[in-house]
Amino acid sequence: MSIKTSVLSELLQAVPQLRAQIYFKSSLTALSHAMEDQVLAATVENPLLIASFQRESFYRQEANRYRRLARQSNQVYVLAAAETDFSNASEDYETIAFDPQQDALRHEWHLVVIARHYTTCLVCRERQNPALELYSAELPVSFDMDPARQFEGIWTSDREVSHIAADILLQRILVYRPELQTKVSQAQRYFGLFRFSRSAASSAKSTRQAIAKQHSSSEQVDSDPFVQRLVTYLQASQYKLLKAYGSIALQERKERLVNSITAAIRRGSDTGQPLHPQEILKVAVQQLGQAVYASRCIIYRAQSTDATATISHEFVSSLVSLLSEQTVPLQHNPLFQTVVQQQERVYVADAQTNEQISKSQVLAAFVEQAAIRSWLIVPILYQGKLLGIIELHHCGATTYQWQKDDVALVEAIATQVGATLIQAEAYTNLEDLNQQLEALDRTRSNLIAITGHELRTPLSTIQVCLESLASEPDMPLELQQVMLNTALADSERMRKLIQDFLTLSNLESGRIQWHLESLPLEECISLAISRIRTRTIAKDLPEIVIQVPETLPLVRVDGDWLVEVISKLLDNACKFTPPNGQITIAAHCYDSQMLEVTVADTGRGIEPKRLEVVFDRFYQEEGALRRTAGGTGLGLAICRQIVNNWGGQIWAKSAGKNQGSQFHFTVPISENRQEQ
């Protein structure tokens with residue numbers, strides 16, 4: 001006999017008129033205890049009792065009861081799958097350890113009691129229930145001990161059925177313990193058990209009926225009405241408990257998702273880093289997609305006026321194609337417009353037959369591409385403002401209806417995501433505002449320092465010179481000329497400072513009128529060099545080398561402002577390069593639309609960590625009060641504003657102190673290249 005055969009299957013095959021019922025574990029426990037108590041209550045019976053436990057751990061909970069039962073009978077057999085110390089033995093009663101990998105008993109639960117005056121039989125097989133497995137995974141209750149586990153089987157007091165079940169189990173016992181053949185044969189003869197087969201069915205039945213009639217004069221114990229009522233009550237209670245498990249599991253799923261999103265927020269705030277809305281969406285789509293068992297779950301940012309949206313985050317099952325980074329139509333999407341107008345979810349039972357979808361060519365194409373059959377669209381809202389969309393796609397061959405609990409879960413998460421996004425954006429905006437305030441504070445401090453130095457110093461010099469000229473009329477003419485030259489130089493220095501202030505202010509406020517024209521770059525470079533040489537004594541200037549190919553195309557800029565950029569970069573290079581150094585002006589095509597101009601020097605250089613901040617307003621390499629070179633710290637800031645205004649870029653490079661520096665910027669190429 002194959003030990004993989006189910007005892008319940010053999011019993012139903014032997015007695016086809018039997019119909020299996022569904023029992024919860026708690027009901028089977030009550031039935032088993034009632035059957036065992038019936039044996040314990042008897043005084044003169046010596047019944048046959050066969051119990052089959054699925055595992056040794058289940059048996060251990062009942063071991064003490066079976067020691068008491070063994071005092072009532074010498075025909076007690078207990079089967080279980082060994083886990084630790086359970087083994088074949090003949091002590092208080094017979095124990096039989098079956099193979100948990102090969103024997104179908106590992107999925108079954110049996111108890112058969114046969115006495116002279118009564119019989120009871122409980123033969124059950126555990127059912128696989130995915131819903132219970134889900135609940136057990138989400139609840140802090142061991143599924144093995146869960147009273148909501150379900151079994152299908154037979155519970156009866158019918159003597160014929162009980163004898164057949166006992167005979168099947170005794171034959172299974174002999175497979176593992178053939179040395180019990182003599183004891184088993186005694187039980188079979190004493191209780192009238194026969195090895196059941198289809199050919200011997202009628203004779204076995206008549207024999208058992210004769211044995212039952214022989215003992216009919218004795219008083220029989222009938223516990224069926226009471227036990228049946230108890231089982232009915234337990235089954236109803238267990239059904240209510242199962243529903244409660246479902247409700248608890250749903251609530252737990254909601255809380256877990258909300259906690260995951262909240263944790264994403266805390267990770268950002270605890271580290272002091274700005275919150276990232278994209279991280280929040282990533283967490284939400286993964287958790288939600290797993291919770292609702294959708295073929296595809298996507299989340300994307302969208303506003304009511306958007307024409308399209310890009311799928312930024314997605315969760316898919318193994319058999320569904322990805323849509324990440326693809327475009328979702330919104331402007332000509334009637335479903336999206338319905339969501340915007342009603343600010344409620346939209347459910348499409350069958351996307352292949354939906355009228356709105358079939359009338360929209362763009363939407364129909366998207367449904368075909370995504371293989372959507374059933375579609376749930378839930379808006380992410382905050383105070384009536386649309387922030388994004390959550391979509392669930394079912395891509396099977398048939399339609400799918402999401403449960404109310406699943407829809408409620410998606411809506412709850414959409415609400416939480418909406419509030420979270422607003423909080424994250426507010427946090428980010430606050431960080432940006434703090435950075436702006438810090439920059440403003442630095443600007444204010446630098447402005448005070450520069451004003452105190454760059455304005456007060458020349459004013460003091462001018463005042464001293466003028467007072468000397470006024471109070472010393474006999475001053476030699478040569479000295480008077482020195483005083484006048486000094487006053488004029490410092491007044492020019494003040495004029496340049498004020499001019500730079502006004503220039504930067506006008507650039508930042510957009511009050512500059514640009515006069516674009518097509519010009520050769522060489523011409524602007526020559527004008528800038530001439531301007532530098534008129535301001536500086538020739539012997540104090542480093543050597544200036546021009547490396548500009550004659551074949552370069554024309555540039556499309558405001559010539560005056562391009563000369564201003566080159567002049568300020570040259571002026572900056574001259575300040576920090578000794579007279580024996582060299583300044584190089586080079587140019588080449590950056591790409592098809594831009595030229596790159598480089599002003600490089602062999603001077604003091606810049607620390608790499610300061611390459612970004614040198615373009616800030618009032619930035620001073622040496623500090624405002626201990627500089628060896630003059631300047632307001634506005635020149636590079638002005639250059640950046642000018643270059644950015646024509647769509648170019650400006651950046652600095654340097655290997656470090658005393659290793660020179662290079663300033664690069666890009667200039668747009670004229671579209672009319674034939675002018676050259």
# chains A, B, ... in the order shown; residues from 1 in each chain; ligands from 1
>>> residues_around(residues="segment 369-379 of chain A", least_positions_apart="5", cutoff="8 Å", atoms="only C-alpha atoms", output="number ranges by chain")
A: 321, 323, 339, 343-352, 386-401, 410-411, 414
>>> residues_around(residues="Tyr382 of chain A", least_positions_apart="6", cutoff="10 Å", atoms="only C-alpha atoms", output="number ranges by chain")
A: 388, 414-422
>>> write_last_selection(atoms="N, CA, C and O atoms", output="short mmCIF file (atom, residue, chain, number, x, y, z; two decimals), in the first residue's frame")
data_model
loop_
_atom_site.label_atom_id
_atom_site.label_comp_id
_atom_site.auth_asym_id
_atom_site.auth_seq_id
_atom_site.Cartn_x
_atom_site.Cartn_y
_atom_site.Cartn_z
N GLY A 388 -0.84 64.37 -8.00
CA GLY A 388 -0.37 63.21 -8.75
C GLY A 388 -1.46 62.18 -8.90
O GLY A 388 -2.62 62.40 -8.51
N ALA A 414 -3.22 57.27 -0.91
CA ALA A 414 -3.18 58.48 -1.74
C ALA A 414 -3.28 59.73 -0.87
O ALA A 414 -2.56 60.72 -1.09
N THR A 415 -4.14 59.68 0.13
CA THR A 415 -4.28 60.82 1.05
C THR A 415 -2.98 61.05 1.81
O THR A 415 -2.50 62.18 1.95
N GLN A 416 -2.38 59.97 2.29
CA GLN A 416 -1.14 60.08 3.05
C GLN A 416 0.00 60.59 2.17
O GLN A 416 0.80 61.44 2.57
N VAL A 417 0.07 60.07 0.93
CA VAL A 417 1.12 60.52 0.02
C VAL A 417 0.96 62.00 -0.29
O VAL A 417 1.94 62.75 -0.36
N GLY A 418 -0.30 62.45 -0.47
CA GLY A 418 -0.53 63.87 -0.74
C GLY A 418 -0.01 64.75 0.37
O GLY A 418 0.71 65.73 0.14
N ALA A 419 -0.36 64.40 1.62
CA ALA A 419 0.11 65.19 2.75
C ALA A 419 1.64 65.12 2.88
O ALA A 419 2.30 66.12 3.20
N THR A 420 2.19 63.94 2.58
CA THR A 420 3.63 63.77 2.68
C THR A 420 4.38 64.60 1.64
O THR A 420 5.41 65.21 1.93
N LEU A 421 3.85 64.63 0.41
CA LEU A 421 4.49 65.42 -0.65
C LEU A 421 4.49 66.90 -0.31
O LEU A 421 5.50 67.59 -0.51
N ILE A 422 3.37 67.38 0.22
CA ILE A 422 3.30 68.79 0.59
C ILE A 422 4.32 69.09 1.69
O ILE A 422 5.03 70.10 1.67
#
>>> residues_around(residues="segment 309-316 of chain A", least_positions_apart="6", cutoff="10 Å", atoms="only C-alpha atoms", output="PyMOL selection string")
chain A and resi 278-279+281-290+293-303+322-331+388-393
>>> residues_around(residues="Leu507 of chain A", least_positions_apart="2", cutoff="12 Å", atoms="only C-alpha atoms", output="VMD selection string")
chain A and resid 500 to 505 509 to 514 561 637 to 646
>>> closest_residue(among="A:Ala89, A:Leu430, A:His117, A:Arg189", to="Ser157 of chain A", atoms="only C-alpha atoms")
A:His117
>>> atom_distance(atom1="atom CA of His588 of chain A", atom2="atom CA of Pro549 of chain A")
7.6 Å
>>> select_by_dssp(residues="segment 264-463 of chain A", states="alpha helix (DSSP H)", output="PyMOL selection string")
chain A and resi 264-270+277-292+334-342+355-359+361-370+404-450+456-463
>>> residues_around(residues="Glu612 of chain A", least_positions_apart="6", cutoff="12 Å", atoms="only C-alpha atoms", output="number ranges by chain")
A: 606, 619, 636-637, 640, 650-654, 663
>>> write_last_selection(atoms="C-alpha atoms", output="compact mmCIF listing (two decimals), in the first residue's frame")
# COMPACT_ATOMS: atom_id res chain seq x y z
CA ILE A 606 42.65 79.13 -6.76
CA TYR A 619 33.74 87.16 -2.91
CA LEU A 636 33.14 87.70 -11.71
CA ALA A 637 29.55 87.95 -10.48
CA ARG A 640 28.32 85.26 -14.72
CA ILE A 650 31.04 80.20 -17.20
CA TRP A 651 33.35 78.19 -14.96
CA ALA A 652 36.82 78.22 -13.44
CA LYS A 653 39.61 75.65 -13.24
CA SER A 654 42.81 75.58 -11.19
CA PHE A 663 38.33 80.94 -16.71
>>> select_by_dssp(residues="segment 520-555 of chain A", states="strand (DSSP E)", output="PyMOL selection string")
chain A and resi 543-547+555
>>> residues_around(residues="segment 60-74 of chain A", least_positions_apart="6", cutoff="12 Å", atoms="only C-alpha atoms", output="JSON, numbers by chain")
{"A": [29, 32, 33, 35, 36, 37, 38, 39, 40, 41, 42, 43, 44, 45, 46, 47, 48, 49, 50, 51, 52, 53, 54, 80, 81, 82, 83, 84, 85, 86, 90, 91, 92, 93, 94, 95, 113, 114, 115, 145, 183, 184, 186, 187]}
>>> closest_residue(among="A:Cys124, A:Val464, A:Val482, A:Ile3", to="Arg19 of chain A", atoms="only C-alpha atoms")
A:Cys124
>>> atom_distance(atom1="atom CA of Phe151 of chain A", atom2="atom CA of Leu12 of chain A")
15.1 Å
